[in-house]
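Peer 1: What follows is model-v3.txt; its format and atoms are compact mmCIF, C-alpha atoms.
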```
# COMPACT_ATOMS: atom_id res chain seq x y z
CA MET E 1 -8.89 -29.92 36.42
CA LYS E 2 -9.68 -26.22 36.26
CA ILE E 3 -6.05 -25.41 35.52
CA THR E 4 -6.00 -27.98 32.71
CA ARG E 5 -9.12 -26.48 31.15
CA LEU E 6 -7.67 -23.00 31.48
CA CYS E 7 -4.45 -24.11 29.76
CA LEU E 8 -6.43 -25.71 26.94
CA TYR E 9 -8.48 -22.53 26.54
CA VAL E 10 -5.38 -20.33 26.40
CA VAL E 11 -3.72 -22.64 23.85
CA SER E 12 -6.85 -22.71 21.69
CA MET E 13 -7.19 -18.91 21.77
CA LEU E 14 -3.52 -18.53 20.80
CA PHE E 15 -4.07 -20.94 17.91
CA ILE E 16 -7.12 -18.98 16.70
CA SER E 17 -5.20 -15.71 17.03
CA CYS E 18 -2.26 -17.06 15.01
CA SER E 19 -4.62 -18.42 12.36
CA GLN E 20 -6.35 -15.05 12.01
CA ALA E 21 -2.98 -13.27 11.78
CA GLN E 22 -1.93 -15.74 9.09
CA GLU E 23 -5.05 -14.94 7.08
CA THR E 24 -4.08 -11.28 6.87
CA THR E 25 -0.45 -12.07 6.12
CA LEU E 26 -0.57 -14.59 3.29
CA LEU E 27 -2.15 -14.52 -0.12
CA ASP E 28 -4.95 -17.06 0.05
CA SER E 29 -4.34 -18.57 -3.39
CA LYS E 30 -1.31 -20.54 -4.51
CA HIS E 31 -2.31 -19.61 -8.05
CA SER E 32 -1.60 -15.89 -7.64
CA LYS E 33 -0.07 -15.80 -11.12
CA ASP E 34 -3.57 -16.39 -12.52
CA LYS E 35 -5.00 -13.36 -10.71
CA LYS E 36 -5.54 -10.00 -12.39
CA VAL E 37 -3.30 -7.41 -10.76
CA LEU E 38 -3.65 -3.63 -10.51
CA ILE E 39 -0.85 -1.46 -9.08
CA VAL E 40 -2.00 2.07 -8.17
CA TYR E 41 0.53 4.49 -6.75
CA LEU E 42 0.83 8.11 -5.64
CA SER E 43 4.30 9.61 -5.98
CA ARG E 44 5.54 13.17 -5.51
CA THR E 45 9.32 12.69 -5.75
CA LYS E 46 9.22 9.47 -7.82
CA ASN E 47 10.46 7.19 -5.03
CA THR E 48 7.11 5.46 -4.62
CA LYS E 49 6.92 5.27 -8.41
CA ALA E 50 10.24 3.41 -8.44
CA VAL E 51 8.97 0.87 -5.88
CA ALA E 52 5.77 0.46 -7.91
CA GLU E 53 7.86 -0.29 -10.99
CA ILE E 54 9.89 -2.88 -9.08
CA ILE E 55 6.69 -4.58 -7.94
CA HIS E 56 5.39 -4.47 -11.51
CA GLN E 57 8.57 -6.16 -12.76
CA ASN E 58 7.93 -8.99 -10.29
CA VAL E 59 4.17 -9.50 -10.56
CA GLY E 60 3.09 -7.93 -13.86
CA GLY E 61 -0.40 -6.48 -14.07
CA LYS E 62 -1.55 -2.93 -14.79
CA LEU E 63 0.50 -0.01 -13.46
CA ILE E 64 -1.35 3.28 -12.90
CA ALA E 65 -0.15 6.60 -11.43
CA LEU E 66 -2.73 8.32 -9.23
CA GLU E 67 -3.25 11.99 -10.10
CA ILE E 68 -5.66 14.60 -8.75
CA GLN E 69 -7.57 17.20 -10.75
CA ASN E 70 -5.85 20.11 -9.00
CA PRO E 71 -2.18 19.23 -8.37
CA TYR E 72 -0.54 20.17 -5.10
CA PRO E 73 1.81 23.19 -5.06
CA LYS E 74 5.43 22.53 -6.01
CA ASN E 75 6.49 24.33 -2.84
CA TYR E 76 6.90 21.78 -0.06
CA GLN E 77 5.67 23.93 2.83
CA GLU E 78 2.57 25.01 0.89
CA THR E 79 1.76 21.38 0.18
CA VAL E 80 2.24 20.43 3.84
CA ALA E 81 -0.18 23.17 4.89
CA GLN E 82 -2.76 22.14 2.28
CA VAL E 83 -2.58 18.45 3.16
CA SER E 84 -2.88 19.26 6.87
CA LYS E 85 -6.04 21.25 6.16
CA GLU E 86 -7.49 18.48 3.99
CA ASN E 87 -6.88 15.93 6.75
CA GLU E 88 -8.45 18.24 9.32
CA LEU E 89 -11.57 18.74 7.19
CA GLY E 90 -11.73 15.17 5.86
CA PHE E 91 -11.56 16.58 2.34
CA LEU E 92 -11.07 14.06 -0.46
CA PRO E 93 -9.43 15.69 -3.49
CA PRO E 94 -11.17 14.79 -6.78
CA LEU E 95 -9.14 12.39 -8.89
CA LYS E 96 -8.01 13.05 -12.44
CA THR E 97 -7.13 9.38 -12.83
CA LYS E 98 -9.95 7.17 -14.09
CA ILE E 99 -9.76 3.39 -13.85
CA ASP E 100 -12.05 1.45 -16.17
CA SER E 101 -13.57 -1.89 -15.16
CA ILE E 102 -11.90 -2.09 -11.77
CA GLU E 103 -14.08 -5.10 -11.04
CA GLN E 104 -11.84 -7.21 -13.30
CA TYR E 105 -8.91 -7.02 -10.87
CA ASP E 106 -8.44 -9.54 -8.06
CA ILE E 107 -5.36 -8.04 -6.39
CA VAL E 108 -4.80 -4.30 -5.92
CA PHE E 109 -1.42 -2.98 -4.78
CA VAL E 110 -1.72 0.57 -3.41
CA GLY E 111 1.45 2.64 -3.00
CA PHE E 112 1.98 6.00 -1.36
CA PRO E 113 4.43 8.13 0.66
CA THR E 114 3.76 8.97 4.30
CA TRP E 115 2.37 12.51 4.57
CA GLY E 116 2.10 13.96 8.06
CA MET E 117 2.25 10.40 9.46
CA GLN E 118 -0.99 9.68 7.62
CA LEU E 119 -2.36 8.21 4.40
CA PRO E 120 -2.25 10.92 1.71
CA PRO E 121 -5.68 12.40 0.87
CA PRO E 122 -5.54 11.32 -2.82
CA MET E 123 -5.17 7.68 -1.76
CA LYS E 124 -8.10 8.13 0.61
CA SER E 125 -10.03 9.41 -2.42
CA PHE E 126 -9.12 6.30 -4.42
CA LEU E 127 -10.07 3.84 -1.67
CA SER E 128 -13.34 5.70 -1.05
CA GLN E 129 -14.31 6.13 -4.70
CA TYR E 130 -13.74 2.62 -6.03
CA ASN E 131 -15.53 -0.54 -4.93
CA LEU E 132 -12.83 -2.98 -3.82
CA LYS E 133 -15.16 -5.41 -2.06
CA GLY E 134 -13.82 -8.96 -2.08
CA LYS E 135 -10.44 -7.96 -3.49
CA THR E 136 -7.01 -8.47 -1.93
CA ILE E 137 -5.34 -5.14 -1.19
CA ILE E 138 -1.59 -4.94 -0.66
CA PRO E 139 -0.16 -1.59 0.53
CA PHE E 140 3.39 -0.35 -0.03
CA ASN E 141 5.03 2.81 1.21
CA THR E 142 8.03 5.11 1.07
CA ASN E 143 8.79 7.54 3.87
CA ALA E 144 11.36 10.04 5.11
CA GLY E 145 12.55 7.78 7.90
CA TYR E 146 9.64 8.22 10.31
CA GLY E 147 7.74 5.13 9.26
CA ILE E 148 4.21 4.52 7.99
CA GLY E 149 2.33 6.40 10.72
CA ASN E 150 -1.30 5.25 10.69
CA SER E 151 -1.40 4.87 6.90
CA PHE E 152 -1.67 1.06 6.75
CA ASP E 153 -4.37 1.09 9.44
CA LYS E 154 -6.27 3.68 7.40
CA VAL E 155 -6.08 1.44 4.33
CA LYS E 156 -7.73 -1.31 6.37
CA GLU E 157 -10.34 1.09 7.73
CA LEU E 158 -11.29 2.26 4.24
CA SER E 159 -11.37 -1.32 2.90
CA PRO E 160 -13.63 -3.15 5.39
CA GLU E 161 -14.81 -5.73 2.85
CA SER E 162 -11.38 -6.43 1.37
CA LYS E 163 -8.54 -8.64 2.54
CA VAL E 164 -5.58 -6.38 3.37
CA LEU E 165 -2.20 -8.09 3.46
CA GLU E 166 0.99 -7.12 5.26
CA GLY E 167 2.43 -4.02 3.64
CA PHE E 168 5.91 -3.05 2.50
CA THR E 169 7.77 0.09 3.53
CA ILE E 170 11.19 1.53 2.77
CA LYS E 171 12.91 4.84 3.42
CA GLY E 172 12.88 7.17 0.42
CA GLY E 173 13.76 10.83 0.05
CA ILE E 174 13.40 13.66 2.55
CA GLU E 175 11.73 16.46 0.61
CA ARG E 176 11.81 18.77 3.63
CA ASP E 177 15.62 18.67 3.46
CA GLY E 178 15.80 18.89 -0.31
CA ILE E 179 16.61 15.18 -0.70
CA LEU E 180 14.27 14.07 -3.47
CA PHE E 181 14.76 10.99 -5.67
CA VAL E 182 17.02 8.36 -4.08
CA MET E 183 15.92 5.06 -5.68
CA GLU E 184 18.98 4.56 -7.84
CA GLY E 185 22.31 2.77 -7.60
CA GLU E 186 22.75 0.79 -4.38
CA LYS E 187 19.43 2.06 -3.02
CA ARG E 188 17.61 0.65 -6.05
CA VAL E 189 19.35 -2.70 -5.59
CA GLU E 190 18.35 -2.71 -1.91
CA ALA E 191 14.74 -1.92 -2.80
CA GLU E 192 14.62 -4.70 -5.39
CA ARG E 193 15.94 -7.23 -2.88
CA LYS E 194 13.56 -6.15 -0.13
CA VAL E 195 10.54 -6.16 -2.42
CA LYS E 196 11.28 -9.73 -3.51
CA GLU E 197 11.68 -10.82 0.12
CA TRP E 198 8.37 -9.18 1.04
CA LEU E 199 6.48 -10.72 -1.87
CA ASN E 200 7.78 -14.12 -0.88
CA LYS E 201 6.80 -13.49 2.76
CA ILE E 202 3.18 -12.69 1.91
CA GLY E 203 2.95 -15.75 -0.32
CA TYR E 204 3.02 -14.01 -3.66
CA HIS E 205 4.23 -16.32 -6.39
CA ASN E 206 5.75 -14.51 -9.34
CA GLY E 207 3.65 -14.09 -12.42
CA THR E 208 3.40 -11.66 -15.28
CA ASN E 209 -0.28 -11.18 -16.03
CA ASP E 210 -1.10 -8.09 -18.05
```
Show this structure as structure tokens.
Peer 2:
Amino acid sequence: MKITRLCLYVVSMLFISCSQAQETTLLDSKHSKDKKVLIVYLSRTKNTKAVAEIIHQNVGGKLIALEIQNPYPKNYQETVAQVSKENELGFLPPLKTKIDSIEQYDIVFVGFPTWGMQLPPPMKSFLSQYNLKGKTIIPFNTNAGYGIGNSFDKVKELSPESKVLEGFTIKGGIERDGILFVMEGEKRVEAERKVKEWLNKIGYHNGTND
């Protein structure tokens, strides 16, 4: 009897766990095409910009590049040192980009490269500055081949009252090695295919709502 109850308990907990995982994986509305969409992206070598444009082609909405008041140095090593210091101090660089009436958007895609295996400080500034309570946030990422680091977890941490869906990531350039923009030709075709597969996986039904 005890074993039966234990089995039932384990099965029920697994069911609850799967249900909760599903909630953070799928878009909760089958009418996603009726939702107002905002796509905000940070891009240094234009690879994340290219992915943002591909997403925009598939879902419509408003596309906005995230810029800071004092741009990072063009020199890669200087930027790495500055970003490392900002992360160490918890500094949030002031944004040049202003987004009017952010409350009108239901779904917010946030795109960024991986910097030092972390979420770039400007994206931390965006998520901290704007009230995204009750919105669905969908992260996307480009990286130099080392993955997302803790960036997606940080998005969730900075968006405690939002629903954060499964993110998208793809390898982009490797600025350290002088490999900058790569989202063209076959790589662009690959990115387009993978973005469509990801949108379908998270339950996003195509729409073009501007």
Peer 1: Quick one: everything within 12 Å of Asp153 in chain E, counting only C-alpha atoms, minus sequence neighbours fewer than 3 positions away in the same chain. Send it as a PyMOL selection string.
Peer 2: chain E and resi 117-119+124+139+148-150+156-160+164-167
Peer 1: Residues at most 10 Å from range 45-62 of chain E, counting only C-alpha atoms, excluding those fewer than 3 positions away in the same chain, as a ChimeraX atom specification?
Peer 2: /E:32-33,35-42,65,105,107-113,140-143,168-175,179-184,188,191-193,195-196,199,204-210
Peer 1: Got a sec: who's within 12 Å of Lys98 in chain E, counting all atoms listed in the file, leaving out chain neighbours fewer than 5 positions off, as a ChimeraX atom specification?
Peer 2: /E:40,64-69,125-126,129-130
Peer 1: Which is closer to Lys154 in chain E than all the others in E:Ile202, E:Leu127, E:Ala81, E:Leu132, using all atoms listed in the file?
Peer 2: E:Leu127
Peer 1: Return the single residue from E:Asp100, E:Pro93, E:Glu88, E:Val189 that is closest to Asn131 in chain E, with distances computed using only C-alpha atoms.
Peer 2: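 Smallest distance to Asn131 in chain E is found for E:Asp100.
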Peer 1: When you count all atoms listed in the file, which of these residues is closest to Thr97 in chain E: E:Lys85, E:Trp115, E:Asn70, E:Lys201?
Peer 2: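 Residue with the minimum atom-to-atom distance to Thr97 in chain E: E:Asn70.
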Peer 1: Report, in Å with one decimal, the straight-line distance from CA of Gly185 in chain E to CA of Asn200 in chain E.
Peer 2: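 Atom-to-atom, CA of Gly185 in chain E and CA of Asn200 in chain E are spaced 23.3 Å apart.
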Peer 1: Name the closest residue to Thr114 in chain E among the candidates E:Phe91, E:Trp198, E:Ser151, E:Glu86; distances are taken between atoms, counting only C-alpha atoms.
Peer 2: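 When distances to Thr114 in chain E are compared using only C-alpha atoms, the smallest one comes from E:Ser151.
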Peer 1: Would you mind reading off the distance between CA of Leu89 in chain E and CA of Gly147 in chain E, one decimal, in Å?
Peer 2: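 Computing it gives 23.7 Å between the two atoms.
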